[in-house]
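For reference, the structure discussed in these notes is given below.
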Amino acid sequence: MAGKRKTNPAGSTNSSRGDVLRVLGALKVATTDQIQRIGAPHLTFRHADKETPSKQKQARTASHTGALSDMRKHGLSESENGGSTETGDVLRNLTLKGLEAASYELQRPVTEMGSTARGAGSSGASHPMSVNETVIAMLRPKSNMAKLADDPPHVQAAAQAAVDTPAGIGTIASYFTEVPLPATGTWNAPGKGGAQADLVLTAPQDGVPLLFIEVDNCHETAEELAAKLEKYARFFRRKMKDTDGKERPMWRTRWTAPDDRYGDAPHPPVLLVFNHLGERNPQRTIPRLQELTRHLWQGERQRGGHHHYDRRIPIVAVGLPDLREHGPAGAVFARFGREHPQPLVEAIGNPRRDAADAREHDEARARQAEYKAQVQRAAQEQAAAKAAEREASRPVCTGCGAKFTDARWEATQATDWDTPKDSHPALCDACKQRAVAAEGGHVGTQERREPARGGTERHGFQRAARRPVCTDCGSTFTDDRWKATERVGWGVTPEPRPSLCGDCDRRFVTDVQEAWSDEPPHQEQDQDVPVPVQKTGRWFSRRT
C-alpha cells in the first residue's frame with residue numbers, strides 16, 4: 001500500500017484514471033462532474049443522500065478528482081490550466097503525453113486525438129460544455145448494478161429505474177470532437193473553405209453508422225448556420241481516390257457507412273442541437289434555416305409515396321432539453337421536410353422507403369409464388385390431359401368389352417425381339433385364358449429372337465415398326481426373313497426381292513431357273529473372227 005501511495009499519492013485506482021483518459025481523450029475538455037457522470041454513473045445514486053447538492057457533488061467526484069491529481073504528477077493532465085466554467089467548475093484537459101495514453105484507451109490513432117484544448121475555458125467554455133452535455137444526453141450512461149450490490153435498497157431502486165429507461169447510442173469511444181471536414185487540403189492539413197464538426201458519432205451497432213452533430217447555443221443566425229451547412233455539402237461532394245485506386249467520396253475514405261441503394265445515395269445526416277442560451281429563438285431560427293437550405297435536403301417524391309434523397313443531406317433539429325429528457329429513442333427529432341418529430345434512428349433514415357422496399361419484396365415474392373403455382377397447375381393439367389388421352393386410347397376386349405389393364409396393354413404392344421408375340425392381342429387376360437383353354441391349351445406364339453451381340457453375326461439389321469407382309473401371297477414375314485430383308489451395314493449385299501416372303505422368293509428363283517433351262521447352250525467359235533480395223537479420225541491421224 002505504501003508503494004502505491006508513493007506512485008499515486010491521491011490513492012486513485014486504475015479504473016478512475018481510465019475514466020479520465022477516455023472522457024478527456026474524446027471530449028478534450030470537461031469538468032470532474034461530467035467525467036464522473038460518463039465514467040461512473042452509479043456514484044450519482046450512491047451519494048444522493050448527502051445534505052446539500054455541493055456535498056453530493058464533492059462525494060461522487062472525489063475518486064476522479066484524486067485520479068486527476070495523480071495524473072498531474074505523471075504529466076498526463078494539466079494542473080488546472082484549462083480555465084473554469086461560468087458556474088465555477090474547473091475545466092480539465094490532458095497533456096500531449098496524456099492524449100497519447102488516451103489513444104490506447106480509446107483505441108484510436110494518435111493522429112486522430114486532436115489538440116489538448118488548453119485555454120478553452122478562458123471565456124467560460126459555454127460551447128464545449130454544451131457539446132459535452134449533448135454527448136451525455138446521447139449516451140445516457142447506465143449504472144453498473146453490480147457495483148451497488150452493497151448499497152441500501154433505495155439507492156439500488158433509484159439506479160435500477162435509470163437503467164430501465166431507453167438506452168442511449170454508442171459509448172464514449174463512439175464520439176469524436178472538433179473534426180475538420182476539409183473541402184480543400186488534406187485531413188491533417190485542411191485548406192480554407194471547409195467546416196469543422198462539433199461531434200462525429202459512429203455507432204453502427206445502434207443503427208447510427210455515421211452522424212455529424214452541430215451544437216448551437218443560439219448565438220448564430222439562420223444565415224450563419226446555412227453557410228455552415230453549405231460547407232458540409234461541399235465537403236460531402238468532394239471525391240478522392242481510395243487505396244484501391246477507385247474514386248470515392250472523401251468521407252468514405254475515413255468512415256464506414258452502408259452502401260448506397262440504386263438511385264438513392266444521400267449524404268451523411270447532420271443533427272443540429274439547439275441549447276437556448278443566446279438571444280436567438282430556435283423556434284424562429286429553424287423555419288428560416290429550413291427555407292434557406294431547402295436545396296440541400298429536399299428529396300424527390302416517388303410513386304409509392306416515399307422520397308429519394310439522392311445527393312441530399314438529411315438535416316435534423318432537436319432542443320438540448322428535449323434530448324436530455326427523452327434521449328435518442330424519444331420522438332423529439334424534427335427532420336427537415338417531414339411533418340412530425342421522430343426518434344433519431346427514424347429521423348436520419350428513410351422508413352417510408354424501407355417500407356416501400358419491403359412491400360415490393362413481398363409483392364415480388366408473392367408473384368414468384370403465384371408463377372410457381374401456375375406452372376405446377378399447368379403441369380398437373382397437362383399430365384391429366386395425357387392420362388385422359390391415354391385412357392381414351394386404351395384397347396377394349398373384343399370378347400367381353402372390358403378395358404385392358406396396363407399390364408395387358410403393355411403385353412399386347414411388346415415389339416422386342418426376345419418377347420413372344422401375343423396369340424390373342426384383341427382379348428383381355430380372362431378371355432385369352434378361356435380362348436387358350438378352348439384351343440386345347442396351346443398358345444399360338446412365335447418367338448422373336450434378338451440377334452446375337454458381340455460379333456456373333458457379321459451384320460446388323462434395323463427392325464421396322466410393323467412386321468412386313470409379302471406382296472405376292474399376303475402372308476407375314478417370319479423373323480428370319482424379316483431380319484434378312486432389313487440388314488444394314490457396309491459390304492452387305494441387299495436382298496434382291498425384299499417385298500417377298502421366303503417361300504415366294506424361293507419360288508421366284510426356281511421359276512427363273514426353269515425358264516432359262518429350255519434355251520440351247522452357246523457353242524464356242526473355233527474360227528477366228530476378223531476384227532474390224534478402227535478408222536482413225538481426221539483429228540487423230542498423223543501426217544507422214
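In the C-alpha cells, chains take letters A, B, ... by order of appearance, with residues numbered from 1 within each chain and ligands from 1 in the order shown.
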
Give me, as a tab-separated table, each residue of stretch 151-181 of chain A that comes within 12 Å of stretch 314-336 of chain A, together with its shortest interatomic pair and the distance in Å at one decimal, counting only C-alpha atoms, with rows ordered by chain and rising residue number.
```
residue	atom	partner	partner_atom	distance
A:Ala162	CA	A:Glu325	CA	11.9
A:Thr165	CA	A:His326	CA	9.2
A:Pro166	CA	A:Ala329	CA	6.5
A:Ala167	CA	A:Ala329	CA	7.6
A:Gly168	CA	A:Pro328	CA	6.1
A:Ile169	CA	A:Pro328	CA	7.1
A:Gly170	CA	A:Pro328	CA	10.8
```

task = Write out as a ChimeraX atom specification each polymer residue whose atoms come within 8 Å of A:Val110, counting only C-alpha atoms; drop sequence neighbours fewer than 3 positions from it.
result = /A:99-100,103,113

request  = Considering only C-alpha atoms, state which residue in the set A:Trp516, A:Phe212, A:Phe274, A:Phe45 is at the smallest distance from A:Val155.
outcome  = A:Phe45

task = Could you give me, as a PyMOL selection string, the residues within 10 Å of A:Glu230, counting only C-alpha atoms and dropping anything in the same chain fewer than 2 positions from it?
result = chain A and resi 193-195+224-228+232-236+293+296

Can I get the selected residues back with N, CA and C atoms, as an mmCIF file, in the first residue's frame?
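Written output follows (out_5.cif):
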```cif
data_model
loop_
_atom_site.group_PDB
_atom_site.id
_atom_site.type_symbol
_atom_site.label_atom_id
_atom_site.label_comp_id
_atom_site.auth_asym_id
_atom_site.auth_seq_id
_atom_site.Cartn_x
_atom_site.Cartn_y
_atom_site.Cartn_z
ATOM 1 N N GLY A 193 -12.197 27.012 -46.645
ATOM 2 C CA GLY A 193 -13.484 26.698 -47.240
ATOM 3 C C GLY A 193 -14.165 25.482 -46.672
ATOM 4 N N GLY A 194 -13.544 24.789 -45.721
ATOM 5 C CA GLY A 194 -14.146 23.606 -45.134
ATOM 6 C C GLY A 194 -14.858 23.915 -43.834
ATOM 7 N N ALA A 195 -15.435 22.894 -43.245
ATOM 8 C CA ALA A 195 -16.148 23.022 -41.977
ATOM 9 C C ALA A 195 -15.414 22.243 -40.899
ATOM 10 N N GLU A 224 -26.056 32.237 -40.870
ATOM 11 C CA GLU A 224 -24.745 31.696 -40.487
ATOM 12 C C GLU A 224 -24.783 30.165 -40.426
ATOM 13 N N LEU A 225 -25.850 29.625 -39.897
ATOM 14 C CA LEU A 225 -25.971 28.165 -39.863
ATOM 15 C C LEU A 225 -26.111 27.594 -41.269
ATOM 16 N N ALA A 226 -26.830 28.290 -42.160
ATOM 17 C CA ALA A 226 -26.966 27.824 -43.541
ATOM 18 C C ALA A 226 -25.620 27.823 -44.239
ATOM 19 N N ALA A 227 -24.775 28.839 -43.970
ATOM 20 C CA ALA A 227 -23.438 28.873 -44.573
ATOM 21 C C ALA A 227 -22.595 27.689 -44.086
ATOM 22 N N LYS A 228 -22.757 27.335 -42.821
ATOM 23 C CA LYS A 228 -22.011 26.176 -42.300
ATOM 24 C C LYS A 228 -22.478 24.882 -42.974
ATOM 25 N N TYR A 232 -20.635 21.907 -45.270
ATOM 26 C CA TYR A 232 -20.827 20.457 -45.146
ATOM 27 C C TYR A 232 -21.090 19.843 -46.519
ATOM 28 N N ALA A 233 -21.995 20.460 -47.280
ATOM 29 C CA ALA A 233 -22.332 19.928 -48.608
ATOM 30 C C ALA A 233 -21.112 19.917 -49.518
ATOM 31 N N ARG A 234 -20.305 20.945 -49.425
ATOM 32 C CA ARG A 234 -19.097 20.992 -50.251
ATOM 33 C C ARG A 234 -18.147 19.853 -49.884
ATOM 34 N N PHE A 235 -18.025 19.606 -48.595
ATOM 35 C CA PHE A 235 -17.168 18.503 -48.160
ATOM 36 C C PHE A 235 -17.734 17.155 -48.613
ATOM 37 N N PHE A 236 -19.048 16.973 -48.495
ATOM 38 C CA PHE A 236 -19.651 15.702 -48.880
ATOM 39 C C PHE A 236 -19.488 15.442 -50.382
ATOM 40 N N THR A 293 -32.028 26.263 -46.697
ATOM 41 C CA THR A 293 -31.277 25.056 -47.073
ATOM 42 C C THR A 293 -32.138 24.033 -47.799
ATOM 43 N N LEU A 296 -30.606 21.725 -50.197
ATOM 44 C CA LEU A 296 -29.659 20.747 -49.652
ATOM 45 C C LEU A 296 -30.342 19.488 -49.137
#
```

message = So that I can see what lies close to A:Thr285, please list as a ChimeraX atom specification the residues with an atom at most 10 Å from it, counting only C-alpha atoms and leaving out residues fewer than 2 positions away in the same chain.
response = /A:218,220-223,225,274,280-283,287-290

message = Would you pick out the contacts of A:Pro266 at 9 Å or less, using only C-alpha atoms, so that residues sharing its chain but fewer than 6 positions from it are not included, and give the list as a list in words?
response =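 Using only C-alpha atoms, the neighbours found are Asp260, His308, Tyr309, Asp310, Arg311, Arg312, Ile313 and Pro314 of chain A.
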
For those residues, write N, CA, C and O atoms to a file as an mmCIF file, in the first residue's frame.
```cif
data_model
loop_
_atom_site.group_PDB
_atom_site.id
_atom_site.type_symbol
_atom_site.label_atom_id
_atom_site.label_comp_id
_atom_site.auth_asym_id
_atom_site.auth_seq_id
_atom_site.Cartn_x
_atom_site.Cartn_y
_atom_site.Cartn_z
ATOM 1 N N ASP A 260 -24.780 2.618 -50.763
ATOM 2 C CA ASP A 260 -25.962 3.337 -51.232
ATOM 3 C C ASP A 260 -26.853 2.419 -52.054
ATOM 4 O O ASP A 260 -26.369 1.500 -52.730
ATOM 5 N N HIS A 308 -36.832 9.898 -52.477
ATOM 6 C CA HIS A 308 -35.419 9.587 -52.688
ATOM 7 C C HIS A 308 -34.616 10.837 -52.359
ATOM 8 O O HIS A 308 -34.978 11.944 -52.766
ATOM 9 N N TYR A 309 -33.527 10.651 -51.628
ATOM 10 C CA TYR A 309 -32.695 11.773 -51.213
ATOM 11 C C TYR A 309 -31.307 11.653 -51.829
ATOM 12 O O TYR A 309 -30.296 11.731 -51.127
ATOM 13 N N ASP A 310 -31.285 11.442 -53.137
ATOM 14 C CA ASP A 310 -30.007 11.275 -53.831
ATOM 15 C C ASP A 310 -29.200 12.582 -53.762
ATOM 16 O O ASP A 310 -29.664 13.640 -54.190
ATOM 17 N N ARG A 311 -27.977 12.489 -53.183
ATOM 18 C CA ARG A 311 -27.076 13.632 -53.024
ATOM 19 C C ARG A 311 -27.730 14.769 -52.234
ATOM 20 O O ARG A 311 -27.535 15.935 -52.520
ATOM 21 N N ARG A 312 -28.510 14.394 -51.244
ATOM 22 C CA ARG A 312 -29.123 15.352 -50.336
ATOM 23 C C ARG A 312 -28.655 15.060 -48.903
ATOM 24 O O ARG A 312 -28.266 13.938 -48.575
ATOM 25 N N ILE A 313 -28.712 16.082 -48.061
ATOM 26 C CA ILE A 313 -28.260 15.947 -46.671
ATOM 27 C C ILE A 313 -29.487 15.806 -45.769
ATOM 28 O O ILE A 313 -30.308 16.741 -45.712
ATOM 29 N N PRO A 314 -29.634 14.717 -45.058
ATOM 30 C CA PRO A 314 -30.709 14.643 -44.052
ATOM 31 C C PRO A 314 -30.373 15.558 -42.867
ATOM 32 O O PRO A 314 -29.418 15.317 -42.128
#
```

remark   = Atom pair atom CA of A:Arg248 + atom CA of A:Ser115, distance 28.3 Å

task = If you run DSSP over the backbone, which residues in stretch 107-325 of chain A end up strand (DSSP E or B)? Put them as a PyMOL selection string.
result = chain A and resi 121+175-181+185+190+195-203+208-216+239-241+247-249+261+264+270-274+300-301+307-308+315-319

Those same residues, written as a short mmCIF file (atom, residue, chain, number, x, y, z; two decimals), in the first residue's frame with N, CA and C atoms?
```
data_model
loop_
_atom_site.label_atom_id
_atom_site.label_comp_id
_atom_site.auth_asym_id
_atom_site.auth_seq_id
_atom_site.Cartn_x
_atom_site.Cartn_y
_atom_site.Cartn_z
N GLY A 121 -11.21 27.26 -21.57
CA GLY A 121 -12.14 27.85 -20.60
C GLY A 121 -11.85 29.29 -20.27
N TYR A 175 -17.60 8.79 -29.99
CA TYR A 175 -17.75 10.22 -30.26
C TYR A 175 -16.38 10.86 -30.51
N PHE A 176 -16.33 11.69 -31.54
CA PHE A 176 -15.14 12.45 -31.90
C PHE A 176 -15.52 13.94 -31.87
N THR A 177 -14.67 14.77 -31.30
CA THR A 177 -14.96 16.20 -31.21
C THR A 177 -14.00 17.00 -32.08
N GLU A 178 -14.50 18.16 -32.55
CA GLU A 178 -13.70 19.11 -33.32
C GLU A 178 -12.99 18.42 -34.48
N VAL A 179 -13.79 17.80 -35.37
CA VAL A 179 -13.24 17.05 -36.50
C VAL A 179 -13.25 17.95 -37.73
N PRO A 180 -12.09 18.19 -38.35
CA PRO A 180 -12.07 19.02 -39.57
C PRO A 180 -12.67 18.27 -40.75
N LEU A 181 -13.41 19.01 -41.58
CA LEU A 181 -14.01 18.46 -42.79
C LEU A 181 -13.48 19.26 -43.97
N GLY A 185 -7.33 20.70 -49.36
CA GLY A 185 -6.26 20.23 -48.50
C GLY A 185 -6.45 18.78 -48.11
N PRO A 190 -6.00 20.70 -43.42
CA PRO A 190 -7.16 21.16 -44.18
C PRO A 190 -6.97 22.58 -44.70
N ALA A 195 -15.43 22.89 -43.25
CA ALA A 195 -16.15 23.02 -41.98
C ALA A 195 -15.41 22.24 -40.90
N GLN A 196 -15.88 22.40 -39.68
CA GLN A 196 -15.36 21.64 -38.55
C GLN A 196 -16.53 21.16 -37.72
N ALA A 197 -16.72 19.85 -37.67
CA ALA A 197 -17.86 19.27 -36.96
C ALA A 197 -17.62 19.33 -35.46
N ASP A 198 -18.64 19.77 -34.72
CA ASP A 198 -18.53 19.75 -33.27
C ASP A 198 -18.41 18.31 -32.76
N LEU A 199 -19.21 17.41 -33.32
CA LEU A 199 -19.19 16.00 -32.92
C LEU A 199 -19.38 15.12 -34.16
N VAL A 200 -18.73 13.98 -34.14
CA VAL A 200 -18.97 12.94 -35.14
C VAL A 200 -19.24 11.65 -34.37
N LEU A 201 -20.39 11.06 -34.63
CA LEU A 201 -20.81 9.85 -33.93
C LEU A 201 -20.78 8.68 -34.90
N THR A 202 -20.12 7.61 -34.49
CA THR A 202 -20.10 6.37 -35.27
C THR A 202 -20.52 5.23 -34.34
N ALA A 203 -21.75 4.79 -34.49
CA ALA A 203 -22.28 3.70 -33.66
C ALA A 203 -23.15 2.79 -34.51
N VAL A 208 -26.74 3.80 -36.00
CA VAL A 208 -26.24 5.12 -36.43
C VAL A 208 -24.82 4.93 -36.93
N PRO A 209 -24.66 4.53 -38.18
CA PRO A 209 -23.30 4.29 -38.68
C PRO A 209 -22.45 5.54 -38.75
N LEU A 210 -23.08 6.71 -39.06
CA LEU A 210 -22.32 7.95 -39.15
C LEU A 210 -23.28 9.12 -38.98
N LEU A 211 -22.94 10.02 -38.05
CA LEU A 211 -23.80 11.18 -37.78
C LEU A 211 -22.91 12.36 -37.40
N PHE A 212 -23.11 13.47 -38.10
CA PHE A 212 -22.41 14.71 -37.77
C PHE A 212 -23.33 15.57 -36.92
N ILE A 213 -22.79 16.12 -35.83
CA ILE A 213 -23.60 16.87 -34.87
C ILE A 213 -23.03 18.28 -34.74
N GLU A 214 -23.92 19.26 -34.87
CA GLU A 214 -23.58 20.66 -34.66
C GLU A 214 -24.39 21.16 -33.47
N VAL A 215 -23.69 21.77 -32.50
CA VAL A 215 -24.33 22.28 -31.29
C VAL A 215 -24.32 23.81 -31.36
N ASP A 216 -25.48 24.40 -31.18
CA ASP A 216 -25.63 25.86 -31.27
C ASP A 216 -26.23 26.38 -29.97
N LYS A 239 -14.50 14.31 -53.76
CA LYS A 239 -14.10 12.93 -54.00
C LYS A 239 -12.59 12.82 -54.11
N MET A 240 -12.11 11.63 -53.84
CA MET A 240 -10.68 11.35 -53.95
C MET A 240 -10.49 9.86 -54.17
N LYS A 241 -9.31 9.51 -54.65
CA LYS A 241 -9.02 8.10 -54.90
C LYS A 241 -8.72 7.39 -53.59
N GLU A 247 -12.29 6.07 -57.26
CA GLU A 247 -12.67 7.38 -56.74
C GLU A 247 -13.93 7.25 -55.89
N ARG A 248 -13.86 7.76 -54.66
CA ARG A 248 -14.98 7.71 -53.74
C ARG A 248 -15.13 9.05 -53.04
N PRO A 249 -16.31 9.29 -52.44
CA PRO A 249 -16.43 10.49 -51.60
C PRO A 249 -15.37 10.49 -50.50
N ARG A 261 -28.15 2.68 -52.00
CA ARG A 261 -29.10 1.96 -52.83
C ARG A 261 -29.18 2.62 -54.20
N ASP A 264 -30.50 6.21 -55.06
CA ASP A 264 -30.74 6.92 -53.81
C ASP A 264 -29.45 6.88 -52.98
N VAL A 270 -26.92 15.21 -40.69
CA VAL A 270 -26.39 16.25 -39.80
C VAL A 270 -27.47 16.55 -38.76
N LEU A 271 -27.11 16.47 -37.48
CA LEU A 271 -28.02 16.76 -36.38
C LEU A 271 -27.67 18.13 -35.79
N LEU A 272 -28.66 19.01 -35.72
CA LEU A 272 -28.49 20.34 -35.12
C LEU A 272 -29.11 20.32 -33.73
N VAL A 273 -28.28 20.55 -32.70
CA VAL A 273 -28.74 20.57 -31.31
C VAL A 273 -28.74 22.03 -30.84
N PHE A 274 -29.90 22.52 -30.44
CA PHE A 274 -30.05 23.91 -30.02
C PHE A 274 -30.15 23.98 -28.50
N GLU A 300 -36.93 13.81 -53.63
CA GLU A 300 -37.81 13.67 -54.80
C GLU A 300 -38.87 12.60 -54.49
N ARG A 301 -40.12 13.02 -54.57
CA ARG A 301 -41.22 12.11 -54.23
C ARG A 301 -41.35 11.02 -55.28
N HIS A 307 -39.76 9.17 -50.54
CA HIS A 307 -38.87 10.10 -51.22
C HIS A 307 -37.50 9.46 -51.41
N HIS A 308 -36.83 9.90 -52.48
CA HIS A 308 -35.42 9.59 -52.69
C HIS A 308 -34.62 10.84 -52.36
N ILE A 315 -31.13 16.62 -42.71
CA ILE A 315 -30.89 17.60 -41.65
C ILE A 315 -31.97 17.44 -40.59
N VAL A 316 -31.54 17.26 -39.34
CA VAL A 316 -32.45 17.01 -38.22
C VAL A 316 -32.16 18.03 -37.13
N ALA A 317 -33.21 18.53 -36.48
CA ALA A 317 -33.06 19.52 -35.41
C ALA A 317 -33.71 19.00 -34.14
N VAL A 318 -33.10 19.36 -32.98
CA VAL A 318 -33.63 18.97 -31.68
C VAL A 318 -33.14 19.97 -30.64
N GLY A 319 -33.92 20.18 -29.60
CA GLY A 319 -33.50 21.02 -28.48
C GLY A 319 -32.79 20.19 -27.44
#
```

key: Residues near stretch 428-435 of chain A, cut-off 6 Å, only C-alpha atoms, skip fewer than 3 positions along chain, as number ranges by chain   = A: 397, 404, 438

inquiry  = When you look at A:Pro351 with a cut-off of 12 Å (counting only C-alpha atoms), what residues show up, excluding the ones that are within fewer than 4 positions of it in the same chain? I need them as number ranges by chain.
reply    = A: 305-308, 338, 342-347, 355-358

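Take atom CA of A:Thr243 and atom CA of A:Thr256: the distance between them is 14.3 Å.
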